[in-house]
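Peer 1: My questions will all concern the structure given below.
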Amino acid sequence: MQTLISGYRTTLSNILSNKQTFLLSVATITIAISILGLFLLLFFNLNGLLSSWNREEQVIVYLDDDISSSQKENLEDIFSNNQQVESTIEVSRETAWAEFQSNVSDNLKPLLSLEFNPLPASYKIRFRSSDNRLSHIREFSKILETQQGVESIEYGEEWISRFEKFMVFSKIFLFAIGGLLSLGLILIISNTIRLSIYSRQDEIELMLLIGATPRFVKIPFLLEGMIQGLAGSVLALFIIGGVHYYLKSKFQSSIDAMGMDFQFIAEPFLFGLIGLSVLVGFMASYISTFQFLYLLNKK
Amino acid sequence: MIQVFNVVKMYDGSNPVLDNISLEISKGEFVFLTGPSGAGKTTILKILFGWESFETGQVLVQGINVGKLTHRNVYTLRRSMGFVFQDYKLLPNKTVFENVSFAQEVIGHDQKKIRFKTWEALKNVGLTPKKDAYPAYLSGGEQQRIAIARAMVNSPAIILADEPTGNLDPDIAIEILKLFEELNQKGSTIIFATHSQEIMKAGNHRVINLNRGKVVSS
Ligand SMILES: Nc1ncnc2c1ncn2[C@@H]1O[C@H](COP(=O)(O)OP(=O)(O)OP(=O)(O)O)[C@@H](O)[C@H]1O
Ligand SMILES: [Mg+2]
């Protein structure tokens with residue numbers, strides 16, 4: 001504890017005596033974390049937007065015309081046993097035909113003169129919204145396909161898989177951006193910390209000579225790196241918050257019109273950004289102190 | 001307490017600076033280490049302090065095998081020792097008081113104890129009036145006394161003093177010698193490297209005489 005307290009004081013005086021490099025380093029972190037955060041913001045809102053479009057998604061199970069009532073019962077059992085199913089509507093052939101007739105456009109009118117009803121009966125199934133709804137739908141469809149009396153199944157497979165691919169792509173993209181920015185930050189911060197160490201080289205050598213532990217020597221610099229990370233990420237959150245606020249107030253009406261909400265980054269991810277930044281600061285200063293002590297001992 | 005067996009030290013890999021040296025110093029002893037410039041006095045003190053490696057031989061200090069220490073645990077040895085560096089090694093951006101209290105801060109003493117002990121050490125070397133000055137504004141002798149105060153402030157079991165009176169007037173030098181003798185009375189083992197015949201005459205202690213890395217007399 002004593003080590004931490006005196007380490008903290010040394011950190012403060014390090015920062016004060018190298019104000020300019022400290023601020024430069026914090027500014028770099030702020031920029032990098034802001035970039036990452038803005039991408040996150042974009043990702044969150046695209047995700048929200050696409051899922052809300054997807055909310056309408058339902059599975060339509062078309063039935064054979066000669067389906068038996070026991071086959072129907074079997075299907076209804078499957079629906080009611082599935083926890084994810086929210087509601088089922090049965091559409092008879094007659095209702096389907098009537099709906100078709102009322103909806104059909106003028107240039108398809110000749111169809112209406114058909115003497116028989118070409119449409120099959122169907123069930124329209126809605127699913128509860130959950131994170132894995134897409135995979136539930138897919139699984140569910142696989143089961144239904146094999147059932148007797150089912151003619152075909154329709155759901156927005158293409159749309160769903162495109163959406164999923166997009167989400168995978170965005171995640172990889174975010175990880176790549178995050179990884180690259182972190183790497184860049186580590187290089188930059190470790191350089192700042194190195195300057196801070198070298199400005200105290202004589203003092204550190206003396207400390208080790210008069211009985212300081214290597215840990216005691218390292219702690220102030222590790223703290224310095226972590227403080228840079230913390231300060232940089234907190235500033236970045238203000239910037240991201242500001243951008244969010246600006247966009248939201250500027251485009252409020254059109255967002256409302258689309259019936260959706262312009263979300264901010266979810267809380268765990270906010271803490272994640274701060275954590276990442278602090279971790280990056282820690283790793284950078286760890287590398288510098290390790291390197292310095294290594295060279296010192298090799299001498 | 002201190003045992004050195006057949007130690008060979010070469011800085012350049014061929015010319016031994018310490019040539020198969022052996023010596024033994026018991027607990028509570030006061031010894032002078034002398035010899036011409038370049039004889040290896042500083043080198044042997046550094047080896048005892050775990051500050052310089054050596055090629056062959058064994059060094060035991062308070063039961064610690066010095067040759068086996070790494071940079072991670074060498075502090076355990078150094079905390080029981082005070083070193084008065086030949087070039088003082090004072091920190092220019094710290095005051096006299098801070099330079100001395102620093103030696104206690106780095107080993108994690110609490111603030112109250114630090115103030116008290118620092119004050120006491122400065123009083124012993126007669127530097128209390130200058131406690132807030134920076135080293136650059138002090139004379140060579142005053143700087144040397146800061147280095148001495150810093151080495152003794154933790155009441156170490158062993159004090160290695162590398163020419164601690166090299167820059168002092170004879171009168172003050174004798175006083176500093178008395179100070180080391182007092183510390184010796186209180187139980188510290190002292191190795192005092194010096195060129196000065198006067199100092200060695202003033203203190204009646206064992207003299208280890210080095211020349212070209214060998215013990216000439218002891
Ligand atoms: N870091 C070093 N690298 C190379 N040679 C060194 C180093 N330190 C000391 N030497 C050499 O080792 C020899 C002994 O040096 P040392 O400093 O131990 O002598 P000394 O007895 O303390 O001398 P002085 O009375 O001048 O302080 C000298 O010849 C010196 O040139
Ligand atoms: Mg010397």
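Ligands are numbered from 1 in the order shown, chains are lettered A, B, ... in the order of the structure tokens, and residues start at 1 in each chain.
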Return as a PyMOL selection string the residues belonging to chain B that are within 8 Å of chain A, counting only C-alpha atoms.
Peer 2: chain B and resi 51+71-79+82-83+89+91+103+105-110
Peer 1: Using the selection just defined, write its residues with N, CA and C atoms as an mmCIF file, in the first residue's frame.
Peer 2:
data_model
loop_
_atom_site.group_PDB
_atom_site.id
_atom_site.type_symbol
_atom_site.label_atom_id
_atom_site.label_comp_id
_atom_site.auth_asym_id
_atom_site.auth_seq_id
_atom_site.Cartn_x
_atom_site.Cartn_y
_atom_site.Cartn_z
ATOM 1 N N TRP B 51 26.732 -5.284 -7.074
ATOM 2 C CA TRP B 51 26.594 -4.246 -8.096
ATOM 3 C C TRP B 51 27.459 -4.586 -9.312
ATOM 4 N N HIS B 71 18.850 -9.554 -10.407
ATOM 5 C CA HIS B 71 18.375 -8.180 -10.223
ATOM 6 C C HIS B 71 17.028 -8.151 -9.500
ATOM 7 N N ARG B 72 16.335 -9.290 -9.472
ATOM 8 C CA ARG B 72 15.040 -9.318 -8.789
ATOM 9 C C ARG B 72 15.172 -9.372 -7.269
ATOM 10 N N ASN B 73 16.243 -10.025 -6.771
ATOM 11 C CA ASN B 73 16.323 -10.175 -5.308
ATOM 12 C C ASN B 73 17.561 -9.521 -4.693
ATOM 13 N N VAL B 74 18.348 -8.821 -5.496
ATOM 14 C CA VAL B 74 19.561 -8.206 -4.958
ATOM 15 C C VAL B 74 19.222 -7.150 -3.901
ATOM 16 N N TYR B 75 17.974 -6.632 -3.957
ATOM 17 C CA TYR B 75 17.589 -5.615 -2.968
ATOM 18 C C TYR B 75 17.645 -6.149 -1.538
ATOM 19 N N THR B 76 17.421 -7.453 -1.380
ATOM 20 C CA THR B 76 17.468 -8.017 -0.023
ATOM 21 C C THR B 76 18.856 -7.810 0.587
ATOM 22 N N LEU B 77 19.899 -7.950 -0.247
ATOM 23 C CA LEU B 77 21.266 -7.705 0.220
ATOM 24 C C LEU B 77 21.478 -6.215 0.499
ATOM 25 N N ARG B 78 21.038 -5.392 -0.451
ATOM 26 C CA ARG B 78 21.347 -3.958 -0.356
ATOM 27 C C ARG B 78 20.630 -3.275 0.802
ATOM 28 N N ARG B 79 19.492 -3.818 1.196
ATOM 29 C CA ARG B 79 18.773 -3.182 2.308
ATOM 30 C C ARG B 79 19.502 -3.322 3.629
ATOM 31 N N GLY B 82 24.725 0.057 3.683
ATOM 32 C CA GLY B 82 24.737 1.443 3.244
ATOM 33 C C GLY B 82 25.988 1.644 2.416
ATOM 34 N N PHE B 83 25.862 2.364 1.313
ATOM 35 C CA PHE B 83 27.024 2.569 0.435
ATOM 36 C C PHE B 83 27.254 4.070 0.299
ATOM 37 N N LYS B 89 26.529 10.341 -6.005
ATOM 38 C CA LYS B 89 25.227 9.981 -6.585
ATOM 39 C C LYS B 89 24.056 10.673 -5.887
ATOM 40 N N LEU B 91 20.769 13.245 -6.046
ATOM 41 C CA LEU B 91 19.807 13.635 -7.070
ATOM 42 C C LEU B 91 19.706 15.156 -7.090
ATOM 43 N N ALA B 103 16.141 7.540 0.543
ATOM 44 C CA ALA B 103 16.686 6.205 0.801
ATOM 45 C C ALA B 103 15.747 5.363 1.658
ATOM 46 N N GLU B 105 12.277 6.081 1.655
ATOM 47 C CA GLU B 105 11.040 5.935 0.884
ATOM 48 C C GLU B 105 11.111 4.722 -0.025
ATOM 49 N N VAL B 106 12.255 4.528 -0.681
ATOM 50 C CA VAL B 106 12.318 3.436 -1.654
ATOM 51 C C VAL B 106 12.214 2.069 -0.991
ATOM 52 N N ILE B 107 12.464 2.001 0.322
ATOM 53 C CA ILE B 107 12.251 0.696 0.944
ATOM 54 C C ILE B 107 10.957 0.679 1.750
ATOM 55 N N GLY B 108 10.145 1.730 1.585
ATOM 56 C CA GLY B 108 8.765 1.667 2.052
ATOM 57 C C GLY B 108 8.538 1.958 3.523
ATOM 58 N N HIS B 109 9.390 2.777 4.137
ATOM 59 C CA HIS B 109 9.107 3.190 5.522
ATOM 60 C C HIS B 109 7.974 4.197 5.563
ATOM 61 N N ASP B 110 7.347 4.339 6.742
ATOM 62 C CA ASP B 110 6.261 5.324 6.803
ATOM 63 C C ASP B 110 6.812 6.732 7.067
#
Peer 1: Do you know which residues are within 12 Å of ligand 2 using only C-alpha atoms and all ligand atoms? Can you write them as a PDB file with C-alpha atoms, in the first residue's frame?
Peer 2:
ATOM      1  CA  LEU B  33      40.681  -0.595   2.645  1.00  0.00           C
ATOM      2  CA  THR B  34      43.602   1.147   1.049  1.00  0.00           C
ATOM      3  CA  GLY B  35      45.940   1.013  -1.907  1.00  0.00           C
ATOM      4  CA  PRO B  36      46.969   3.138  -4.860  1.00  0.00           C
ATOM      5  CA  SER B  37      44.512   4.473  -7.368  1.00  0.00           C
ATOM      6  CA  GLY B  38      43.312   1.671  -9.634  1.00  0.00           C
ATOM      7  CA  ALA B  39      44.132  -1.019  -7.088  1.00  0.00           C
ATOM      8  CA  GLY B  40      40.554  -2.280  -7.131  1.00  0.00           C
ATOM      9  CA  LYS B  41      39.076  -0.779  -3.931  1.00  0.00           C
ATOM     10  CA  THR B  42      35.890   0.458  -5.525  1.00  0.00           C
ATOM     11  CA  THR B  43      35.577  -2.749  -7.496  1.00  0.00           C
ATOM     12  CA  ILE B  44      35.636  -4.951  -4.426  1.00  0.00           C
ATOM     13  CA  LEU B  45      33.106  -2.759  -2.609  1.00  0.00           C
ATOM     14  CA  LYS B  46      30.825  -2.964  -5.642  1.00  0.00           C
ATOM     15  CA  VAL B  84      28.798   5.927   0.392  1.00  0.00           C
ATOM     16  CA  PHE B  85      29.512   6.340  -3.312  1.00  0.00           C
ATOM     17  CA  GLN B  86      32.819   7.783  -4.398  1.00  0.00           C
ATOM     18  CA  ASP B  87      30.907  10.113  -6.753  1.00  0.00           C
ATOM     19  CA  TYR B  88      28.113  10.709  -4.173  1.00  0.00           C
ATOM     20  CA  LEU B 160      30.661   0.380   2.629  1.00  0.00           C
ATOM     21  CA  ALA B 161      32.279   3.807   2.420  1.00  0.00           C
ATOM     22  CA  ASP B 162      34.192   4.568  -0.761  1.00  0.00           C
ATOM     23  CA  GLU B 163      36.579   7.422   0.117  1.00  0.00           C
ATOM     24  CA  PRO B 164      33.992   9.200   2.245  1.00  0.00           C
ATOM     25  CA  GLY B 166      38.230  12.332   0.019  1.00  0.00           C
ATOM     26  CA  PHE B 192      36.234   2.352   4.869  1.00  0.00           C
ATOM     27  CA  ALA B 193      38.180   2.821   1.634  1.00  0.00           C
ATOM     28  CA  THR B 194      40.723   5.616   1.849  1.00  0.00           C
ATOM     29  CA  HIS B 195      44.041   6.890   0.560  1.00  0.00           C
ATOM     30  CA  LEU B 210      45.407  -3.738  -2.046  1.00  0.00           C
TER      31      LEU B 210
END
Peer 1: I'd like the neighbourhood of Glu73 (chain A) as an MDAnalysis selection string, where a residue qualifies if any of its atoms comes within 12 Å (using only C-alpha atoms), though same-chain residues fewer than 5 positions away should be ignored.
Peer 2: chainID A and resid 67:68 78:80 147:149
Peer 1: Return the single residue from A:Ser233, A:Gln101, A:Gln71, A:Ser253 that is closest to Leu279 (chain A), with distances computed using only C-alpha atoms.
Peer 2: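 Closest residue, counting only C-alpha atoms: A:Ser233.
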Peer 1: So, with only C-alpha atoms as the atoms that count, which of B:Phe180, B:Asp171, B:Val100, B:Ser196 lies closest to Ala149 (chain B)?
Peer 2: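 Under the stated criterion, the closest residue is B:Val100.
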Peer 1: Could you jot down the CA of Gln84 (chain A) to CA of Leu42 (chain A) separation for me, Å, one decimal place?
Peer 2: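 For CA of Gln84 (chain A) relative to CA of Leu42 (chain A), the distance reads 29.2 Å.
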Peer 1: Rounded to one decimal, what separation in Å do you get between CA of Gly28 (chain B) and CA of Asn184 (chain B)?
Peer 2: 6.5 Å
Peer 1: Env of Val278 (chain A): 7 Å cut, atoms = only C-alpha atoms, seq-sep filter 6 positions within chain, self excluded. Answer as JSON, numbers by chain.
Peer 2: {"A": [226, 229, 230]}
Peer 1: What parts of region 128-294 of chain A does DSSP call helix (DSSP H, G or I)? I'd like the answer as a PDB file with C-alpha atoms, in the first residue's frame.
Peer 2:
ATOM      1  CA  ARG A 133     -34.133 -15.775 -33.258  1.00  0.00           C
ATOM      2  CA  LEU A 134     -32.567 -16.270 -36.659  1.00  0.00           C
ATOM      3  CA  SER A 135     -31.011 -19.566 -35.785  1.00  0.00           C
ATOM      4  CA  HIS A 136     -34.212 -20.686 -34.041  1.00  0.00           C
ATOM      5  CA  ILE A 137     -36.156 -19.997 -37.183  1.00  0.00           C
ATOM      6  CA  ARG A 138     -33.682 -21.934 -39.246  1.00  0.00           C
ATOM      7  CA  GLU A 139     -33.702 -24.929 -36.913  1.00  0.00           C
ATOM      8  CA  PHE A 140     -37.459 -24.898 -36.673  1.00  0.00           C
ATOM      9  CA  SER A 141     -37.838 -24.883 -40.426  1.00  0.00           C
ATOM     10  CA  LYS A 142     -35.558 -27.894 -40.740  1.00  0.00           C
ATOM     11  CA  ILE A 143     -37.818 -29.856 -38.409  1.00  0.00           C
ATOM     12  CA  LEU A 144     -41.010 -28.818 -40.208  1.00  0.00           C
ATOM     13  CA  GLU A 145     -39.693 -29.685 -43.633  1.00  0.00           C
ATOM     14  CA  GLU A 157     -33.643 -17.187 -45.706  1.00  0.00           C
ATOM     15  CA  GLU A 158     -31.618 -15.129 -48.072  1.00  0.00           C
ATOM     16  CA  TRP A 159     -32.282 -11.987 -46.152  1.00  0.00           C
ATOM     17  CA  ILE A 160     -31.449 -13.668 -42.869  1.00  0.00           C
ATOM     18  CA  SER A 161     -28.198 -15.111 -44.064  1.00  0.00           C
ATOM     19  CA  ARG A 162     -27.194 -11.804 -45.585  1.00  0.00           C
ATOM     20  CA  PHE A 163     -27.946 -10.125 -42.318  1.00  0.00           C
ATOM     21  CA  GLU A 164     -25.933 -12.694 -40.423  1.00  0.00           C
ATOM     22  CA  LYS A 165     -23.029 -12.352 -42.811  1.00  0.00           C
ATOM     23  CA  PHE A 166     -23.128  -8.642 -42.368  1.00  0.00           C
ATOM     24  CA  MET A 167     -23.004  -9.005 -38.604  1.00  0.00           C
ATOM     25  CA  VAL A 168     -20.039 -11.390 -38.826  1.00  0.00           C
ATOM     26  CA  PHE A 169     -18.307  -9.028 -41.193  1.00  0.00           C
ATOM     27  CA  SER A 170     -18.900  -6.056 -38.886  1.00  0.00           C
ATOM     28  CA  LYS A 171     -17.588  -7.956 -35.902  1.00  0.00           C
ATOM     29  CA  ILE A 172     -14.412  -8.942 -37.727  1.00  0.00           C
ATOM     30  CA  PHE A 173     -14.080  -5.386 -38.955  1.00  0.00           C
ATOM     31  CA  LEU A 174     -14.461  -3.988 -35.432  1.00  0.00           C
ATOM     32  CA  PHE A 175     -11.958  -6.461 -34.038  1.00  0.00           C
ATOM     33  CA  ALA A 176      -9.480  -5.642 -36.776  1.00  0.00           C
ATOM     34  CA  ILE A 177      -9.851  -1.899 -36.261  1.00  0.00           C
ATOM     35  CA  GLY A 178      -9.684  -2.349 -32.493  1.00  0.00           C
ATOM     36  CA  GLY A 179      -6.622  -4.557 -32.752  1.00  0.00           C
ATOM     37  CA  LEU A 180      -4.758  -2.251 -35.098  1.00  0.00           C
ATOM     38  CA  LEU A 181      -5.571   0.861 -33.095  1.00  0.00           C
ATOM     39  CA  SER A 182      -4.519  -0.875 -29.870  1.00  0.00           C
ATOM     40  CA  LEU A 183      -1.248  -1.925 -31.430  1.00  0.00           C
ATOM     41  CA  GLY A 184      -0.595   1.609 -32.637  1.00  0.00           C
ATOM     42  CA  LEU A 185      -1.459   2.985 -29.216  1.00  0.00           C
ATOM     43  CA  ILE A 186       0.869   0.547 -27.495  1.00  0.00           C
ATOM     44  CA  LEU A 187       3.718   1.722 -29.702  1.00  0.00           C
ATOM     45  CA  ILE A 188       2.971   5.374 -29.055  1.00  0.00           C
ATOM     46  CA  ILE A 189       2.349   5.129 -25.318  1.00  0.00           C
ATOM     47  CA  SER A 190       5.366   2.931 -24.736  1.00  0.00           C
ATOM     48  CA  ASN A 191       7.425   5.616 -26.380  1.00  0.00           C
ATOM     49  CA  THR A 192       6.008   8.308 -24.097  1.00  0.00           C
ATOM     50  CA  ILE A 193       6.671   6.155 -21.077  1.00  0.00           C
ATOM     51  CA  ARG A 194      10.172   5.483 -22.318  1.00  0.00           C
ATOM     52  CA  LEU A 195      10.808   9.229 -22.395  1.00  0.00           C
ATOM     53  CA  SER A 196       9.444   9.493 -18.896  1.00  0.00           C
ATOM     54  CA  ILE A 197      11.742   6.687 -17.740  1.00  0.00           C
ATOM     55  CA  TYR A 198      14.828   8.135 -19.364  1.00  0.00           C
ATOM     56  CA  GLN A 201      17.220   7.291 -15.404  1.00  0.00           C
ATOM     57  CA  ASP A 202      19.717   8.403 -12.743  1.00  0.00           C
ATOM     58  CA  GLU A 203      17.070   8.334 -10.094  1.00  0.00           C
ATOM     59  CA  ILE A 204      15.952   4.834 -11.042  1.00  0.00           C
ATOM     60  CA  GLU A 205      19.507   3.517 -11.058  1.00  0.00           C
ATOM     61  CA  LEU A 206      20.055   5.027  -7.636  1.00  0.00           C
ATOM     62  CA  MET A 207      16.773   3.634  -6.322  1.00  0.00           C
ATOM     63  CA  LEU A 208      17.799   0.138  -7.332  1.00  0.00           C
ATOM     64  CA  LEU A 209      21.224   0.672  -5.760  1.00  0.00           C
ATOM     65  CA  PRO A 214      12.121  -3.641  -9.297  1.00  0.00           C
ATOM     66  CA  ARG A 215       8.390  -3.570  -8.657  1.00  0.00           C
ATOM     67  CA  PHE A 216       8.671  -0.350  -6.676  1.00  0.00           C
ATOM     68  CA  VAL A 217      10.527   1.197  -9.593  1.00  0.00           C
ATOM     69  CA  LYS A 218       7.998  -0.019 -12.152  1.00  0.00           C
ATOM     70  CA  ILE A 219       4.774   0.934 -10.402  1.00  0.00           C
ATOM     71  CA  PRO A 220       4.834   4.696 -11.042  1.00  0.00           C
ATOM     72  CA  PHE A 221       5.345   4.129 -14.758  1.00  0.00           C
ATOM     73  CA  LEU A 222       2.670   1.456 -14.956  1.00  0.00           C
ATOM     74  CA  LEU A 223       0.315   3.874 -13.215  1.00  0.00           C
ATOM     75  CA  GLU A 224       1.319   6.595 -15.653  1.00  0.00           C
ATOM     76  CA  GLY A 225       0.453   4.400 -18.633  1.00  0.00           C
ATOM     77  CA  MET A 226      -2.856   3.394 -17.106  1.00  0.00           C
ATOM     78  CA  ILE A 227      -3.748   6.987 -16.272  1.00  0.00           C
ATOM     79  CA  GLN A 228      -3.044   7.966 -19.872  1.00  0.00           C
ATOM     80  CA  GLY A 229      -5.339   5.184 -21.032  1.00  0.00           C
ATOM     81  CA  LEU A 230      -8.052   6.172 -18.590  1.00  0.00           C
ATOM     82  CA  ALA A 231      -7.884   9.892 -19.387  1.00  0.00           C
ATOM     83  CA  GLY A 232      -7.784   9.260 -23.137  1.00  0.00           C
ATOM     84  CA  SER A 233     -10.756   6.909 -23.134  1.00  0.00           C
ATOM     85  CA  VAL A 234     -12.902   9.071 -20.882  1.00  0.00           C
ATOM     86  CA  LEU A 235     -12.285  12.058 -23.170  1.00  0.00           C
ATOM     87  CA  ALA A 236     -13.097   9.845 -26.141  1.00  0.00           C
ATOM     88  CA  LEU A 237     -16.420   8.865 -24.574  1.00  0.00           C
ATOM     89  CA  PHE A 238     -17.296  12.529 -24.247  1.00  0.00           C
ATOM     90  CA  ILE A 239     -16.506  13.010 -27.917  1.00  0.00           C
ATOM     91  CA  ILE A 240     -18.563   9.998 -28.959  1.00  0.00           C
ATOM     92  CA  GLY A 241     -21.373  11.156 -26.680  1.00  0.00           C
ATOM     93  CA  GLY A 242     -21.206  14.581 -28.283  1.00  0.00           C
ATOM     94  CA  VAL A 243     -21.370  13.163 -31.799  1.00  0.00           C
ATOM     95  CA  HIS A 244     -24.292  10.974 -30.783  1.00  0.00           C
ATOM     96  CA  TYR A 245     -26.133  13.900 -29.244  1.00  0.00           C
ATOM     97  CA  TYR A 246     -25.535  16.058 -32.309  1.00  0.00           C
ATOM     98  CA  LEU A 247     -26.695  13.424 -34.779  1.00  0.00           C
ATOM     99  CA  LYS A 248     -29.684  12.568 -32.678  1.00  0.00           C
ATOM    100  CA  SER A 249     -30.909  16.144 -32.357  1.00  0.00           C
ATOM    101  CA  LYS A 250     -30.172  16.884 -35.991  1.00  0.00           C
ATOM    102  CA  GLN A 252     -34.483  13.241 -34.733  1.00  0.00           C
ATOM    103  CA  SER A 253     -37.515  13.625 -36.989  1.00  0.00           C
ATOM    104  CA  SER A 254     -36.373  11.264 -39.713  1.00  0.00           C
ATOM    105  CA  ILE A 255     -35.310   8.716 -37.133  1.00  0.00           C
ATOM    106  CA  ASP A 256     -38.700   8.912 -35.495  1.00  0.00           C
ATOM    107  CA  ALA A 257     -40.339   8.533 -38.860  1.00  0.00           C
ATOM    108  CA  GLU A 267     -22.985   0.176 -21.224  1.00  0.00           C
ATOM    109  CA  PRO A 268     -20.858  -2.973 -21.119  1.00  0.00           C
ATOM    110  CA  PHE A 269     -19.168  -1.818 -24.304  1.00  0.00           C
ATOM    111  CA  LEU A 270     -18.513   1.633 -22.854  1.00  0.00           C
ATOM    112  CA  PHE A 271     -16.758   0.031 -19.920  1.00  0.00           C
ATOM    113  CA  GLY A 272     -15.097  -2.266 -22.416  1.00  0.00           C
ATOM    114  CA  LEU A 273     -13.647   0.709 -24.269  1.00  0.00           C
ATOM    115  CA  ILE A 274     -12.297   2.213 -21.048  1.00  0.00           C
ATOM    116  CA  GLY A 275     -10.958  -1.164 -19.968  1.00  0.00           C
ATOM    117  CA  LEU A 276      -9.278  -1.720 -23.312  1.00  0.00           C
ATOM    118  CA  SER A 277      -7.653   1.687 -23.167  1.00  0.00           C
ATOM    119  CA  VAL A 278      -6.382   1.203 -19.616  1.00  0.00           C
ATOM    120  CA  LEU A 279      -5.104  -2.246 -20.538  1.00  0.00           C
ATOM    121  CA  VAL A 280      -3.330  -0.831 -23.571  1.00  0.00           C
ATOM    122  CA  GLY A 281      -1.722   1.822 -21.331  1.00  0.00           C
ATOM    123  CA  PHE A 282      -0.645  -0.831 -18.890  1.00  0.00           C
ATOM    124  CA  MET A 283       0.856  -3.077 -21.553  1.00  0.00           C
ATOM    125  CA  ALA A 284       2.687  -0.196 -23.183  1.00  0.00           C
ATOM    126  CA  SER A 285       4.293   0.931 -19.943  1.00  0.00           C
ATOM    127  CA  TYR A 286       4.999  -2.644 -18.954  1.00  0.00           C
ATOM    128  CA  ILE A 287       6.929  -3.122 -22.174  1.00  0.00           C
ATOM    129  CA  SER A 288       8.948   0.069 -21.631  1.00  0.00           C
ATOM    130  CA  THR A 289       9.829  -0.610 -18.008  1.00  0.00           C
ATOM    131  CA  PHE A 290      10.659  -4.214 -18.772  1.00  0.00           C
ATOM    132  CA  GLN A 291      12.911  -3.161 -21.614  1.00  0.00           C
ATOM    133  CA  PHE A 292      14.605  -0.486 -19.539  1.00  0.00           C
ATOM    134  CA  LEU A 293      15.318  -2.785 -16.596  1.00  0.00           C
ATOM    135  CA  TYR A 294      16.488  -5.491 -18.967  1.00  0.00           C
TER     136      TYR A 294
END
Peer 1: Name the residues in contact with Asp66 (chain A) at a cut-off of 12 Å, using only C-alpha atoms, excluding same-chain residues fewer than 6 positions from it; report them as a ChimeraX atom specification.
Peer 2: /A:72,93,120-121,148-151
Peer 1: Residues of chain B in strand (DSSP E) according to DSSP, as a ChimeraX atom specification?
Peer 2: /B:2-10,16-25,30-34,56-61,64-65,81-84,158-162,189-193,206-211,214-217
Peer 1: State, in Å with one decimal place, the distance from CA of Pro135 (chain B) to CA of Lys117 (chain B).
Peer 2: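 For CA of Pro135 (chain B) relative to CA of Lys117 (chain B), the distance reads 19.6 Å.
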Peer 1: Find the spatial neighbours of region 120-128 of chain B, counting only C-alpha atoms, within a cut-off of 8 Å - ignore same-chain residues fewer than 6 positions away - and output them as a list in words.
Peer 2: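 Within the cut-off, the hits are Phe97, Glu142, Arg145, Ile146, Ile148, Ala149, Arg150, Met152, Val153, Ile176 and Leu179 of chain B.
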Peer 1: Which polymer residues have any atom within 8 Å of an atom of Phe5 (chain B), counting only C-alpha atoms, with same-chain residues fewer than 3 positions away left out, as a list in words?
Peer 2: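 The residues satisfying every condition are Asn20, Ile21, Ser22, Leu23, Gly57, Gln58 and Val59 of chain B.
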